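First the structure, in the form of C-alpha cells, and then the observations on it.
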Amino acid sequence: MITVMKFGGTSVGSAEALNRVANIIADTEGEKVVVVSAMSGITNFLVSVVDNPLTDPDAVVDQFRNKHLIEASQLFDGDIMNEFRAEFDTRLEAFRTAIMGDRANPLYRDNVVSQGERFSSLMLSYVLKKMDIKSVALSSEQAGIVAVGNPMAGSADLLKTASGMTMKVKPLLAMGVVPIITGFYGANEDGVPLTFGRGGSDYSAAVVANAIDADMLEIWTDVDGFMSADPRIIPSAIKIDEMNFGEAAELAYFGAKVLHPRTIEPVRLKHIPLKVKNSFKPQEPGTLIHHLRKSKNELLRSVAAKTDLSIITISSAEIAYRPAMVARIIEKIADIDVIIYSISTSLSTVAFLVHNNDVTQTLRQLNGLNGGDIERIDVKNNVALICAVGDNLLDKCGVSGDIFGAVKEADANVEMISEGASDVSLNFVVPMGKVIDVVKVLHDRYIGDQ
Ligand code: ADP
Ligand code: ASP
Ligand code: MG
C-alpha cells in the first residue's frame, strides 16, 4: 500500500505543527511519500520580494532565515541541529542566488516564489530523522517532477514524471525511506522551476500519486474536509463525507480553495481515491473523494464561487449562422492561452467569461479580428461565477427556477447561466459585490443554517 500525503502551509507552519505532522506520518501504515507546501506566510513573503525592488538582499535573506530558524530552534539541538544547519545554510545560499537573479527572466518569479518548499521539506525530514524514521528531503527536480507550460501556470508532464519518479523515488520506498518532496512546482525541460500556480502543492501531490501508482492520496489541511461552502464565508458550512471526482473537480475549478483547481484529474485517471483531512484533528474521518458514491436525496451538496472574472460580449449580426467566425474568435483567445470559464451564445452575440487580468490582452487579440465583422465588444468587469453542485440539481424539474428565485432574494442579477454543460453542477454569474449574499442564501435555503 502506497499513500501520498500532502501537508499544506498551516499544517507545517510551526514547530508544533511539524511535530503533529511527523506523528501523522509515523502512524500511517505502508509506504509513504510526502509532499509539502511552504510554511504558512512564506510564499506570500516571497511574492512580496518579487513584487518590490530588491534594495537590500541581505535583509531579505535574514528575514527568510529567521522565519525558519525560530521554528527550527524549537525542534533541534546538538548534533542534529548542526547537521540540519549545514544543509539549511547551503539552501540559503541558493536562495540568495535565486533572489539576486535576472528579474527580466520570465521564470524569475517562479524560481523565487517556489523557494519556501525547499526549506519546509528539509525541516520535516529532520523532524522525522529525530524520531528515527528514515527520511530524505527531495526537491521536485531531484524527485523527477517535470513541468511544461507558461510561467506561474505550469502543468505536469505525467508520463515523464512517472518515468522520473520510478527511477528516483521508488527505490527509496523499497529501502524504507520516506521521501519528503517539495510541492508547488516541477522542473521544465531546461531544469528550471516552473510553478503550478498558487496553491499548486495539491496538484503536485496528485501528480506524484499518479506517477508512482499510489493506492491513496491524502490532502492534509486545516479544516475537517471538503465542506458545503467556504467556512470563512459560511461558518455553518458542514463537512461532506463522500464526493465523486466530478463534483470535487467542478467545485475546485470554480473556486473551492481547499483543492487546487487541477488536483482531481491526475488521480481520477488512475482511479486513486483522495481524502481531505484535518492535520489538527487526525482522528476525524475527513472527506473521501472517489469514483462512485451513494446518491443522496439532497438538492445541493456544496457551493463555490470563482471571483475576479469579466464577461466579454461580442456582438455581430446573425453570428449564430457564422460558426467559422465563432471558431476564429475562440482560436484567437486560445492563441494567447487565456482560460475561458464559460461561454454562451445567442443569435447575434457570443459572451465569454475570462479572468479580470486577461481582459486587456483578450481585447487586443480580438481587435485584430475586427475587419467589419464585429459590430461591438462590451466588457463587464468584476463578476463572479457561482458553482452549485448537487445530485438532483439538474434532474428535478423546476430546480433551477427555484435557485434563481433564491438568488433574487439576495437582490442579485444573474448575468449569465451555464446549465447542463456538466452533469453535476449549475453555474451562473453574479456581480462580485453580491457573491457572499448569494452563497449565504443558497446555503441557508438548501443546506441549512445549522
Ligand atoms: P492548505 O495550506 O492546507 O493548502 P488552503 O488555505 O489552501 O490550505 O485551503 C484550505 C482552506 O480552504 C480552508 O481553510 C478554507 O478556508 C478554504 N475553503 C474554501 N472552500 C472550501 C470548501 N468548500 N471546503 C473546505 N475548505 C474550503
Ligand atoms: N506554497 C504555495 C502557495 O502558497 C503552494 C501551496 O501552498 O500549495 O501558493
Ligand atoms: Mg492549498
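In the C-alpha cells, the first chain shown is A, the next is B, and so on; residue numbers restart at 1 for each chain, and ligands run from 1 in the order shown.
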
Could the residues of chain A that have an atom at most 12 Å from ligand 3 be listed as a tab-separated table, each with its closest atom pair and the distance in Å to one decimal, counting only C-alpha atoms and all ligand atoms and ordered by chain and ascending residue number?
residue	atom	partner	partner_atom_place_in_ligand_line	distance
A:Lys6	CA	ligand 3	1 (Mg)	9.8
A:Phe7	CA	ligand 3	1 (Mg)	8.9
A:Gly8	CA	ligand 3	1 (Mg)	5.9
A:Gly9	CA	ligand 3	1 (Mg)	7.4
A:Thr10	CA	ligand 3	1 (Mg)	9.3
A:Ser11	CA	ligand 3	1 (Mg)	10.4
A:Val36	CA	ligand 3	1 (Mg)	10.4
A:Ser37	CA	ligand 3	1 (Mg)	8.1
A:Ala38	CA	ligand 3	1 (Mg)	10.4
A:Met39	CA	ligand 3	1 (Mg)	11.5
A:Ser40	CA	ligand 3	1 (Mg)	10.2
A:Thr43	CA	ligand 3	1 (Mg)	11.5
A:Gly183	CA	ligand 3	1 (Mg)	10.5
A:Phe184	CA	ligand 3	1 (Mg)	9.8
A:Phe196	CA	ligand 3	1 (Mg)	11.8
A:Gly197	CA	ligand 3	1 (Mg)	10.6
A:Arg198	CA	ligand 3	1 (Mg)	7.8
A:Gly199	CA	ligand 3	1 (Mg)	4.3
A:Gly200	CA	ligand 3	1 (Mg)	7.1
A:Ser201	CA	ligand 3	1 (Mg)	6.9
A:Asp202	CA	ligand 3	1 (Mg)	6.4
A:Tyr203	CA	ligand 3	1 (Mg)	9.4
A:Ser204	CA	ligand 3	1 (Mg)	11.1
A:Ala205	CA	ligand 3	1 (Mg)	11.2
A:Ile219	CA	ligand 3	1 (Mg)	9.1
A:Trp220	CA	ligand 3	1 (Mg)	9.5
A:Thr221	CA	ligand 3	1 (Mg)	7.6
A:Asp222	CA	ligand 3	1 (Mg)	9.5
A:Val223	CA	ligand 3	1 (Mg)	11.1
A:Ala252	CA	ligand 3	1 (Mg)	10.7
A:Gly255	CA	ligand 3	1 (Mg)	11.6
A:Ala256	CA	ligand 3	1 (Mg)	9.9
A:Lys257	CA	ligand 3	1 (Mg)	6.5
A:Val258	CA	ligand 3	1 (Mg)	5.7
A:Leu259	CA	ligand 3	1 (Mg)	6.0
A:His260	CA	ligand 3	1 (Mg)	6.3
A:Pro261	CA	ligand 3	1 (Mg)	10.0
A:Arg262	CA	ligand 3	1 (Mg)	11.6
A:Thr263	CA	ligand 3	1 (Mg)	10.4
A:Val276	CA	ligand 3	1 (Mg)	11.2

Write a file of the selected residues as a compact mmCIF listing (two decimals), in the first residue's frame, keeping N, CA, C and O atoms.
# COMPACT_ATOMS: atom_id res chain seq x y z
N LYS A 6 -0.08 14.88 1.46
CA LYS A 6 0.31 16.27 1.23
C LYS A 6 -0.08 17.14 2.42
O LYS A 6 -1.21 17.07 2.89
N PHE A 7 0.87 17.93 2.90
CA PHE A 7 0.59 18.81 4.03
C PHE A 7 0.70 20.26 3.59
O PHE A 7 1.71 20.68 3.02
N GLY A 8 -0.36 21.02 3.85
CA GLY A 8 -0.41 22.42 3.42
C GLY A 8 0.33 23.34 4.37
O GLY A 8 0.88 22.90 5.40
N GLY A 9 0.33 24.63 4.03
CA GLY A 9 1.14 25.63 4.74
C GLY A 9 0.88 25.70 6.23
O GLY A 9 1.84 25.74 7.03
N THR A 10 -0.39 25.70 6.64
CA THR A 10 -0.67 25.81 8.08
C THR A 10 -0.26 24.53 8.78
O THR A 10 0.17 24.55 9.94
N SER A 11 -0.38 23.41 8.08
CA SER A 11 -0.05 22.12 8.68
C SER A 11 1.45 21.97 8.97
O SER A 11 1.84 21.15 9.79
N VAL A 36 5.07 18.57 0.48
CA VAL A 36 4.78 19.69 1.39
C VAL A 36 4.70 21.03 0.67
O VAL A 36 5.37 21.28 -0.33
N SER A 37 3.87 21.91 1.27
CA SER A 37 3.85 23.33 0.90
C SER A 37 4.92 24.03 1.73
O SER A 37 5.47 23.46 2.67
N ALA A 38 5.14 25.30 1.40
CA ALA A 38 6.00 26.14 2.23
C ALA A 38 5.27 26.41 3.55
O ALA A 38 4.04 26.29 3.62
N MET A 39 6.03 26.77 4.61
CA MET A 39 5.37 27.14 5.87
C MET A 39 4.45 28.33 5.63
O MET A 39 4.76 29.20 4.80
N SER A 40 3.34 28.39 6.36
CA SER A 40 2.34 29.42 6.06
C SER A 40 2.97 30.82 6.15
O SER A 40 3.80 31.10 7.02
N THR A 43 5.25 31.84 1.27
CA THR A 43 5.08 32.13 -0.17
C THR A 43 4.60 33.57 -0.37
O THR A 43 5.07 34.26 -1.29
N GLY A 183 6.35 20.58 -2.90
CA GLY A 183 5.18 20.78 -3.75
C GLY A 183 5.34 22.06 -4.56
O GLY A 183 6.39 22.70 -4.55
N PHE A 184 4.30 22.40 -5.32
CA PHE A 184 4.15 23.71 -5.96
C PHE A 184 4.80 23.86 -7.34
O PHE A 184 4.41 24.68 -8.13
N PHE A 196 3.00 25.57 -10.53
CA PHE A 196 1.66 25.17 -10.99
C PHE A 196 0.60 26.18 -10.59
O PHE A 196 -0.57 25.86 -10.58
N GLY A 197 1.00 27.40 -10.25
CA GLY A 197 0.04 28.41 -9.79
C GLY A 197 -0.13 28.31 -8.28
O GLY A 197 0.21 27.29 -7.67
N ARG A 198 -0.65 29.39 -7.67
CA ARG A 198 -0.80 29.41 -6.21
C ARG A 198 -1.65 28.22 -5.74
O ARG A 198 -2.60 27.83 -6.41
N GLY A 199 -1.27 27.69 -4.64
CA GLY A 199 -1.98 26.52 -4.10
C GLY A 199 -1.60 25.23 -4.82
O GLY A 199 -2.23 24.19 -4.63
N GLY A 200 -0.53 25.28 -5.63
CA GLY A 200 -0.22 24.16 -6.53
C GLY A 200 0.29 22.88 -5.88
O GLY A 200 0.43 21.86 -6.56
N SER A 201 0.55 22.90 -4.57
CA SER A 201 1.07 21.67 -3.95
C SER A 201 0.05 20.53 -3.96
O SER A 201 0.43 19.36 -3.97
N ASP A 202 -1.24 20.87 -3.94
CA ASP A 202 -2.26 19.80 -4.02
C ASP A 202 -2.10 19.08 -5.37
O ASP A 202 -2.15 17.84 -5.45
N TYR A 203 -1.93 19.88 -6.41
CA TYR A 203 -1.76 19.31 -7.76
C TYR A 203 -0.46 18.49 -7.80
O TYR A 203 -0.45 17.37 -8.33
N SER A 204 0.63 19.03 -7.22
CA SER A 204 1.89 18.26 -7.17
C SER A 204 1.66 16.90 -6.57
O SER A 204 2.15 15.88 -7.08
N ALA A 205 0.91 16.87 -5.46
CA ALA A 205 0.69 15.60 -4.75
C ALA A 205 -0.12 14.64 -5.62
O ALA A 205 0.16 13.44 -5.64
N ILE A 219 -4.87 14.64 1.31
CA ILE A 219 -4.58 16.08 1.34
C ILE A 219 -4.89 16.55 2.77
O ILE A 219 -6.06 16.60 3.17
N TRP A 220 -3.83 16.83 3.52
CA TRP A 220 -3.99 17.23 4.93
C TRP A 220 -3.99 18.75 5.00
O TRP A 220 -3.04 19.41 4.57
N THR A 221 -5.07 19.32 5.56
CA THR A 221 -5.18 20.77 5.59
C THR A 221 -5.65 21.24 6.97
O THR A 221 -5.44 20.54 7.97
N ASP A 222 -6.28 22.42 7.01
CA ASP A 222 -6.64 23.00 8.32
C ASP A 222 -8.15 23.02 8.57
O ASP A 222 -8.61 23.74 9.42
N VAL A 223 -8.92 22.28 7.77
CA VAL A 223 -10.36 22.15 8.01
C VAL A 223 -10.72 20.66 7.96
O VAL A 223 -9.93 19.84 7.48
N ALA A 252 -13.61 22.56 -7.23
CA ALA A 252 -12.23 23.06 -7.10
C ALA A 252 -11.92 24.02 -8.25
O ALA A 252 -11.33 25.08 -8.05
N GLY A 255 -13.54 27.54 -7.71
CA GLY A 255 -13.31 28.39 -6.56
C GLY A 255 -13.20 27.78 -5.18
O GLY A 255 -12.87 28.49 -4.25
N ALA A 256 -13.48 26.48 -4.99
CA ALA A 256 -13.35 25.92 -3.63
C ALA A 256 -11.86 25.75 -3.33
O ALA A 256 -11.21 24.81 -3.78
N LYS A 257 -11.32 26.69 -2.57
CA LYS A 257 -9.87 26.80 -2.42
C LYS A 257 -9.23 25.60 -1.72
O LYS A 257 -8.00 25.44 -1.75
N VAL A 258 -10.04 24.77 -1.10
CA VAL A 258 -9.46 23.64 -0.36
C VAL A 258 -8.64 22.71 -1.26
O VAL A 258 -7.70 22.06 -0.79
N LEU A 259 -8.95 22.68 -2.55
CA LEU A 259 -8.13 21.91 -3.50
C LEU A 259 -7.73 22.81 -4.67
O LEU A 259 -8.57 23.57 -5.18
N HIS A 260 -6.48 22.72 -5.10
CA HIS A 260 -6.05 23.42 -6.31
C HIS A 260 -6.96 22.97 -7.46
O HIS A 260 -7.34 21.79 -7.53
N PRO A 261 -7.32 23.89 -8.38
CA PRO A 261 -8.30 23.55 -9.42
C PRO A 261 -7.99 22.29 -10.22
O PRO A 261 -8.90 21.66 -10.75
N ARG A 262 -6.72 21.89 -10.28
CA ARG A 262 -6.38 20.78 -11.16
C ARG A 262 -6.03 19.49 -10.41
O ARG A 262 -5.46 18.56 -10.99
N THR A 263 -6.38 19.44 -9.14
CA THR A 263 -5.96 18.29 -8.32
C THR A 263 -6.58 16.97 -8.75
O THR A 263 -5.97 15.91 -8.62
N VAL A 276 -9.58 14.27 1.98
CA VAL A 276 -9.21 15.59 2.50
C VAL A 276 -9.34 15.48 4.01
O VAL A 276 -10.41 15.11 4.52

Next on the checklist: Considering only C-alpha atoms, can you say which of A:Glu331, A:Glu87, A:Glu93, A:Asp132 comes closest to Phe64 (chain A)?
Outcome noted: A:Glu93

Checklist entry - Tell me, which residues of region 178-418 of chain A carry DSSP strand (DSSP E), written as a PyMOL selection string? => result chain A and resi 178-182+185-187+193-195+216-221+242-244+274-278+287-290+302-315+342-345+349-355+376-389+416-418

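With only C-alpha atoms as the atoms that count, the minimum distance from Ser316 (chain A) to the choices A:Asp378, A:Asp58, A:Glu415, A:Glu141 is reached by A:Asp378.
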
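Remark: for Gly390 (chain A), the closest of the candidate residues A:Val438, A:Ala324, A:Ile336, A:Leu299 is A:Leu299 (distances computed over only C-alpha atoms).
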
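Closest approach to ligand 1 among A:Ala15, A:Leu46, A:Ala156, A:Met5 is made by A:Met5 (distances from only C-alpha atoms and all ligand atoms).
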
Checklist entry - If you run DSSP on this backbone, which residues of region 159-200 of chain A come out as helix (DSSP H, G or I), and could you give them as a list in words? => result Leu159, Lys160, Thr161, Ala162, Ser163, Gly164, Met165, Thr166, Met167, Lys168, Lys170, Pro171, Leu172, Leu173 and Ala174 of chain A

Next on the checklist: With only C-alpha atoms as the counted atoms, please give the residues lying no more than 9 Å from Thr362 (chain A), apart from itself and same-chain residues fewer than 6 positions off, as a ChimeraX atom specification.
Outcome noted: /A:312,332-333,336,338,354

Item to check | Nearest to Thr313 (chain A), chosen from A:Gly405, A:Leu251, A:Gly225, A:Met416, with only C-alpha atoms counted in the distances | outcome: A:Met416

Next on the checklist: Rounded to one decimal, what separation in Å do you get between CA of Asp395 (chain A) and CA of Asn427 (chain A)?
Outcome noted: 14.9 Å
